[in-house]
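For reference, the structure is listed below as structure tokens.
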Amino acid sequence: MLDLAFVRENVERVEEKLAERGVPGGLDSFRKVDLERRRLLTEVEALKNRRNRASEEIGKLKQQGVDVQDRIRETRTLSDEIKRLDEEVGKLDEELRQILENLPNMPHASVPIGSSPKQNREVRRWGEPRQFSFPPRPHWELGEALGILDLARAAKITGSRFAVYWDLGAKLERALANFMLDAHGREHGYREVLPPAIVNSASLFGTGNLPKFAGDLFHLENTDWWLSPTAEVPLTNLFRDEVLDAAELPIKLMAYTPCFRSEAGSYGKDTRGIIRQHQFQKVEMVKFAHPDTSHQELESLTNDAEAILQKLGLPYRVVLLCTGDMGFSSAKTYDLEVWLPHSGEYREISSCSNFESFQARRANIRFRTGGKGKSEFVHTLNGSGVAIGRTWIALVENYQQEDGSIVIPEVLRAYLDGAERITAEGRLVPK
């Protein structure tokens, strides 16, 4: 959430930055409400001055033995009016708060201005897409033929956009999670956390998912609980309403959790396979950083996610999102896009963002140096380290062989009892 005092003092600048994000109407409603609030405050102050003067006169007149009942009634009337206006000011304060809650973060100066993904800027690429001597098949065909992916039975159990993994398909998912957690913990210094997969409204408000994006979430009926859309939510809220020690920054956390999304607005997109699911698993990285170093931490966070793809030998590119393509809470975002041979395109597999103080202000997460002095809002960052399902897809498609088998990258074989290849031999799933 943007700082109210900052917005008041920098309305034109904030309006300009929000216009870069395509926010319609700018701050017209903010100006209107704030102007009325200022007018009422001026009126309240004038009434309080009148009441104070009247009270002084009453005191003097009493000493002179003058009847002051009319003056007392007048001060009571003034007090009633002051109370009424104070309540009106309170309502306007709530309106301003709601306006701010629904405004996105301001983009960092280094973010390219644009209205669609076409204005995103490619930063770098790693690896060369493999040249196949045969037409590469999509992951859903390969998975079904090998007996490791079952979308039909998942639809029977639950519905569309769910998956059942069998045998080495399930083990591959588990292997990827363990591999990522080990790499981020041992090599990148992240502390592992196993948080709840159900979160409350306050947690979702803190990360910017509520109130604006309730339609993207699954709510548990008759409760204040929601299925978590990403481990970013519980990890960030671990320190809600707390003051951290600046000496501990940056704090680096990671978690492997299921994620649940309604995929509102995605009707007709990626209907085949497991690109876009209602439930998927992800390793998430979250950082709490000092404001002076948070953008350096964003670069290292992105590099940590890249290291996973490099170890797996998966070609990818890094894209800096433009103002119109960033998430609501983000000040700057890099997307990592992995190469998928069947479609012949790069697809997002990780999104690494610096939210600066936007989430921290909503969740009231502060830091203080040496336990003394005024506390400040910390900067929060997060990135997928990476999405397991899409990594599964990328491995299956990039490492497919002409006979339909899948070669397992060397870094994963120790997690799969030494298996070097996934084949249809020993297929257990009934056709």
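Identifiers for the structure tokens are assigned positionally: chains receive A, B, ... in sequence, residues are indexed from 1 per chain, and ligands are indexed from 1 in the order shown.
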Could you give me, as a PyMOL selection string, the residues within 10 Å of His188 of chain A, counting only C-alpha atoms and dropping anything in the same chain fewer than 6 positions from it? chain A and resi 181-182+252+300-301+303-305+307
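The list of residues with at least one atom within 7 Å of Asn382 of chain A, based on only C-alpha atoms and without residues fewer than 6 positions apart in the same chain, reads Glu232, Met285, Val286, Lys287, Cys352, Ser353 and Asn354 of chain A.
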Since we have the selection now, will you write its residues out, keeping N, CA and C atoms, as an mmCIF file, in the first residue's frame?
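Listing of part_21.cif after writing:
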data_model
loop_
_atom_site.group_PDB
_atom_site.id
_atom_site.type_symbol
_atom_site.label_atom_id
_atom_site.label_comp_id
_atom_site.auth_asym_id
_atom_site.auth_seq_id
_atom_site.Cartn_x
_atom_site.Cartn_y
_atom_site.Cartn_z
ATOM 1 N N GLU A 232 4.354 -17.359 -0.888
ATOM 2 C CA GLU A 232 4.677 -15.954 -0.611
ATOM 3 C C GLU A 232 3.775 -15.401 0.491
ATOM 4 N N MET A 285 10.767 -18.536 -2.786
ATOM 5 C CA MET A 285 11.793 -17.826 -2.032
ATOM 6 C C MET A 285 11.248 -16.450 -1.634
ATOM 7 N N VAL A 286 11.457 -16.066 -0.387
ATOM 8 C CA VAL A 286 11.020 -14.754 0.104
ATOM 9 C C VAL A 286 12.177 -14.104 0.852
ATOM 10 N N LYS A 287 12.347 -12.807 0.634
ATOM 11 C CA LYS A 287 13.394 -12.062 1.327
ATOM 12 C C LYS A 287 12.800 -10.843 2.034
ATOM 13 N N CYS A 352 10.189 -13.061 -10.286
ATOM 14 C CA CYS A 352 10.993 -12.550 -9.163
ATOM 15 C C CYS A 352 10.745 -11.049 -9.013
ATOM 16 N N SER A 353 10.237 -10.645 -7.857
ATOM 17 C CA SER A 353 9.779 -9.266 -7.690
ATOM 18 C C SER A 353 10.327 -8.615 -6.432
ATOM 19 N N ASN A 354 10.506 -7.296 -6.528
ATOM 20 C CA ASN A 354 10.770 -6.452 -5.369
ATOM 21 C C ASN A 354 9.525 -5.606 -5.142
#
All helix (DSSP H, G or I) residues (DSSP, backbone) inside segment 143-288 of chain A, as a PyMOL selection string: chain A and resi 143-146+151-157+167-186+201-207+214-216+232-239+246-248
Output N, CA and C atoms for every residue in that selection, as a short mmCIF file (atom, residue, chain, number, x, y, z; two decimals), in the first residue's frame.
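Below is the file part.cif, written as the result:
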data_model
loop_
_atom_site.label_atom_id
_atom_site.label_comp_id
_atom_site.auth_asym_id
_atom_site.auth_seq_id
_atom_site.Cartn_x
_atom_site.Cartn_y
_atom_site.Cartn_z
N GLY A 143 3.50 -37.89 -21.38
CA GLY A 143 3.14 -38.36 -20.05
C GLY A 143 2.13 -39.49 -20.08
N GLU A 144 1.13 -39.38 -20.95
CA GLU A 144 0.12 -40.43 -21.05
C GLU A 144 0.72 -41.71 -21.61
N ALA A 145 1.57 -41.59 -22.66
CA ALA A 145 2.18 -42.77 -23.27
C ALA A 145 3.10 -43.50 -22.30
N LEU A 146 3.76 -42.75 -21.44
CA LEU A 146 4.69 -43.35 -20.47
C LEU A 146 3.99 -43.81 -19.20
N LEU A 151 -4.56 -37.19 -16.82
CA LEU A 151 -5.47 -36.06 -16.71
C LEU A 151 -6.93 -36.50 -16.69
N ALA A 152 -7.23 -37.61 -17.34
CA ALA A 152 -8.61 -38.09 -17.40
C ALA A 152 -9.10 -38.50 -16.01
N ARG A 153 -8.27 -39.24 -15.28
CA ARG A 153 -8.70 -39.66 -13.94
C ARG A 153 -8.74 -38.47 -12.97
N ALA A 154 -7.85 -37.49 -13.17
CA ALA A 154 -7.91 -36.29 -12.33
C ALA A 154 -9.22 -35.55 -12.56
N ALA A 155 -9.67 -35.48 -13.83
CA ALA A 155 -10.95 -34.83 -14.13
C ALA A 155 -12.10 -35.59 -13.50
N LYS A 156 -12.00 -36.92 -13.46
CA LYS A 156 -13.05 -37.73 -12.82
C LYS A 156 -13.09 -37.48 -11.31
N ILE A 157 -11.91 -37.38 -10.70
CA ILE A 157 -11.83 -37.19 -9.25
C ILE A 157 -12.29 -35.79 -8.85
N ASP A 167 3.90 -43.18 -10.57
CA ASP A 167 5.23 -43.79 -10.60
C ASP A 167 6.34 -42.75 -10.75
N LEU A 168 7.16 -42.87 -11.78
CA LEU A 168 8.28 -41.93 -11.94
C LEU A 168 7.81 -40.51 -12.23
N GLY A 169 6.57 -40.35 -12.67
CA GLY A 169 6.03 -39.00 -12.82
C GLY A 169 5.86 -38.34 -11.47
N ALA A 170 5.33 -39.10 -10.50
CA ALA A 170 5.18 -38.57 -9.14
C ALA A 170 6.54 -38.40 -8.48
N LYS A 171 7.42 -39.38 -8.69
CA LYS A 171 8.75 -39.30 -8.08
C LYS A 171 9.55 -38.14 -8.67
N LEU A 172 9.34 -37.84 -9.95
CA LEU A 172 10.04 -36.72 -10.57
C LEU A 172 9.62 -35.41 -9.93
N GLU A 173 8.33 -35.27 -9.66
CA GLU A 173 7.85 -34.06 -8.97
C GLU A 173 8.52 -33.93 -7.60
N ARG A 174 8.54 -35.02 -6.85
CA ARG A 174 9.16 -35.00 -5.52
C ARG A 174 10.67 -34.75 -5.62
N ALA A 175 11.30 -35.34 -6.62
CA ALA A 175 12.74 -35.16 -6.81
C ALA A 175 13.07 -33.69 -7.10
N LEU A 176 12.27 -33.06 -7.93
CA LEU A 176 12.50 -31.66 -8.27
C LEU A 176 12.38 -30.78 -7.03
N ALA A 177 11.38 -31.03 -6.19
CA ALA A 177 11.20 -30.24 -4.97
C ALA A 177 12.40 -30.39 -4.05
N ASN A 178 12.84 -31.63 -3.82
CA ASN A 178 13.99 -31.86 -2.93
C ASN A 178 15.27 -31.25 -3.50
N PHE A 179 15.44 -31.38 -4.80
CA PHE A 179 16.62 -30.81 -5.46
C PHE A 179 16.65 -29.29 -5.29
N MET A 180 15.53 -28.64 -5.50
CA MET A 180 15.48 -27.18 -5.39
C MET A 180 15.71 -26.73 -3.95
N LEU A 181 15.06 -27.40 -3.00
CA LEU A 181 15.23 -27.03 -1.59
C LEU A 181 16.69 -27.22 -1.16
N ASP A 182 17.31 -28.31 -1.58
CA ASP A 182 18.71 -28.56 -1.23
C ASP A 182 19.62 -27.49 -1.83
N ALA A 183 19.40 -27.15 -3.08
CA ALA A 183 20.24 -26.15 -3.75
C ALA A 183 20.10 -24.78 -3.10
N HIS A 184 18.86 -24.36 -2.85
CA HIS A 184 18.65 -23.04 -2.26
C HIS A 184 19.14 -22.98 -0.81
N GLY A 185 19.02 -24.09 -0.10
CA GLY A 185 19.47 -24.11 1.29
C GLY A 185 20.97 -24.17 1.41
N ARG A 186 21.60 -25.12 0.72
CA ARG A 186 23.04 -25.34 0.86
C ARG A 186 23.87 -24.29 0.13
N SER A 201 -7.63 -13.85 6.04
CA SER A 201 -7.79 -12.65 5.21
C SER A 201 -6.71 -11.61 5.48
N ALA A 202 -6.30 -11.49 6.74
CA ALA A 202 -5.26 -10.51 7.07
C ALA A 202 -3.97 -10.82 6.34
N SER A 203 -3.64 -12.10 6.20
CA SER A 203 -2.42 -12.49 5.49
C SER A 203 -2.52 -12.14 4.01
N LEU A 204 -3.67 -12.40 3.41
CA LEU A 204 -3.86 -12.09 1.99
C LEU A 204 -3.91 -10.59 1.75
N PHE A 205 -4.42 -9.84 2.72
CA PHE A 205 -4.38 -8.38 2.59
C PHE A 205 -2.93 -7.89 2.63
N GLY A 206 -2.14 -8.48 3.51
CA GLY A 206 -0.75 -8.06 3.66
C GLY A 206 0.06 -8.18 2.39
N THR A 207 -0.19 -9.23 1.60
CA THR A 207 0.58 -9.42 0.36
C THR A 207 -0.08 -8.76 -0.85
N ALA A 214 -9.93 -11.13 -4.84
CA ALA A 214 -10.64 -12.24 -4.19
C ALA A 214 -11.12 -13.27 -5.20
N GLY A 215 -11.46 -12.83 -6.40
CA GLY A 215 -11.95 -13.73 -7.44
C GLY A 215 -10.92 -14.73 -7.93
N ASP A 216 -9.65 -14.48 -7.65
CA ASP A 216 -8.59 -15.39 -8.07
C ASP A 216 -8.32 -16.49 -7.05
N GLU A 232 4.35 -17.36 -0.89
CA GLU A 232 4.68 -15.95 -0.61
C GLU A 232 3.77 -15.40 0.49
N VAL A 233 2.51 -15.83 0.51
CA VAL A 233 1.55 -15.29 1.48
C VAL A 233 1.92 -15.69 2.91
N PRO A 234 2.01 -17.00 3.24
CA PRO A 234 2.36 -17.32 4.62
C PRO A 234 3.77 -16.91 5.01
N LEU A 235 4.73 -17.01 4.09
CA LEU A 235 6.11 -16.65 4.43
C LEU A 235 6.23 -15.16 4.75
N THR A 236 5.62 -14.31 3.94
CA THR A 236 5.70 -12.87 4.18
C THR A 236 5.03 -12.51 5.50
N ASN A 237 3.92 -13.18 5.81
CA ASN A 237 3.16 -12.83 7.02
C ASN A 237 3.71 -13.45 8.29
N LEU A 238 4.78 -14.22 8.18
CA LEU A 238 5.43 -14.72 9.40
C LEU A 238 5.81 -13.57 10.32
N PHE A 239 6.16 -12.42 9.75
CA PHE A 239 6.63 -11.29 10.53
C PHE A 239 5.64 -10.13 10.55
N ALA A 246 17.72 -4.78 12.20
CA ALA A 246 18.39 -4.50 10.93
C ALA A 246 19.62 -5.38 10.72
N ALA A 247 20.25 -5.79 11.83
CA ALA A 247 21.45 -6.63 11.71
C ALA A 247 21.13 -8.00 11.14
N GLU A 248 19.87 -8.43 11.21
CA GLU A 248 19.48 -9.74 10.70
C GLU A 248 19.16 -9.72 9.21
#
At a cut-off of 9 Å, using only C-alpha atoms, what residues contact Trp339 of chain A? Leave out same-chain residues fewer than 6 positions from it and give the result as a list in words. Pro129, Leu314, Pro315, Tyr316, Arg317, Glu345, Tyr346, Arg347, Ala394 and Asn398 of chain A
Would you return as an MDAnalysis selection string the members of segment 24-264 of chain A that DSSP assigns to strand (DSSP E) on this structure's backbone? chainID A and resid 121:126 149:150 164:165 191:192 198:200 218:219 225:227 242:245 251:260
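Among the candidates A:Leu92, A:Arg76, A:Trp126, A:Arg272, the one nearest to Ala163 of chain A when counting only C-alpha atoms is A:Arg272.
The shell of residues at most 12 Å from Asp224 of chain A, with only C-alpha atoms counted and near chain neighbours (fewer than 2 positions) removed, consists of Ile198, Val199, Asn200, Ser201, Ala202, Ser203, Leu204, Phe218, His219, Leu220, Glu221, Asn222, Trp226 and Leu227 of chain A.
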Rank A:Ile99, A:Ile58, A:Ile365, A:Ile308 by their smallest atom-to-atom distance to Leu4 of chain A, using only C-alpha atoms, and report the top residue only. A:Ile99
Polymer residues at most 8 Å from Val89 of chain A, only C-alpha atoms, same-chain spacing of 4 or more positions, as an MDAnalysis selection string: chainID A and resid 37 40:41 85 93
Residues as selected, C-alpha atoms, written as a tab-separated table (two decimals), in the first residue's frame, can you do that?
chain	number	residue	atom	x	y	z
A	37	ARG	CA	-11.64	16.03	4.43
A	40	LEU	CA	-14.20	19.54	7.28
A	41	LEU	CA	-11.05	19.64	9.41
A	85	LEU	CA	-18.06	16.44	11.75
A	93	ASP	CA	-10.42	8.66	6.27
Report as a Markdown table the residues of segment 88-138 of chain A within 8 Å of segment 19-29 of chain A, each with its shortest atom pair and distance in Å (one decimal), using only C-alpha atoms, ordered by chain and increasing residue number.
| residue | atom | partner | partner_atom | distance |
| --- | --- | --- | --- | --- |
| A:Ile99 | CA | A:Ser29 | CA | 7.9 |
| A:Pro107 | CA | A:Arg21 | CA | 7.7 |
| A:Ile113 | CA | A:Glu20 | CA | 6.1 |
| A:Gly114 | CA | A:Glu20 | CA | 7.2 |
| A:Ser115 | CA | A:Gly22 | CA | 6.8 |
Any chance you could export the current selection's N, CA and C atoms as a compact mmCIF listing (two decimals), in the first residue's frame?
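part00.txt, freshly written:
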# COMPACT_ATOMS: atom_id res chain seq x y z
N ILE A 99 -9.30 3.69 -1.02
CA ILE A 99 -8.72 4.10 -2.31
C ILE A 99 -7.27 3.63 -2.40
N PRO A 107 5.91 1.88 -10.02
CA PRO A 107 7.03 1.17 -10.64
C PRO A 107 8.36 1.85 -10.36
N ILE A 113 8.38 1.43 -19.57
CA ILE A 113 6.98 1.83 -19.64
C ILE A 113 6.32 1.11 -20.81
N GLY A 114 5.18 0.50 -20.53
CA GLY A 114 4.46 -0.21 -21.58
C GLY A 114 3.10 -0.66 -21.08
N SER A 115 2.22 -1.02 -22.02
CA SER A 115 0.86 -1.39 -21.67
C SER A 115 0.58 -2.88 -21.83
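Rounded to one decimal, atom CA of Gly373 of chain A and atom CA of Leu2 of chain A lie 22.9 Å from each other.
Nearest-residue note for Phe328 of chain A: choosing from A:Glu101, A:Glu16, A:Glu81, A:Glu95, the minimum distance belongs to A:Glu101, counting only C-alpha atoms.
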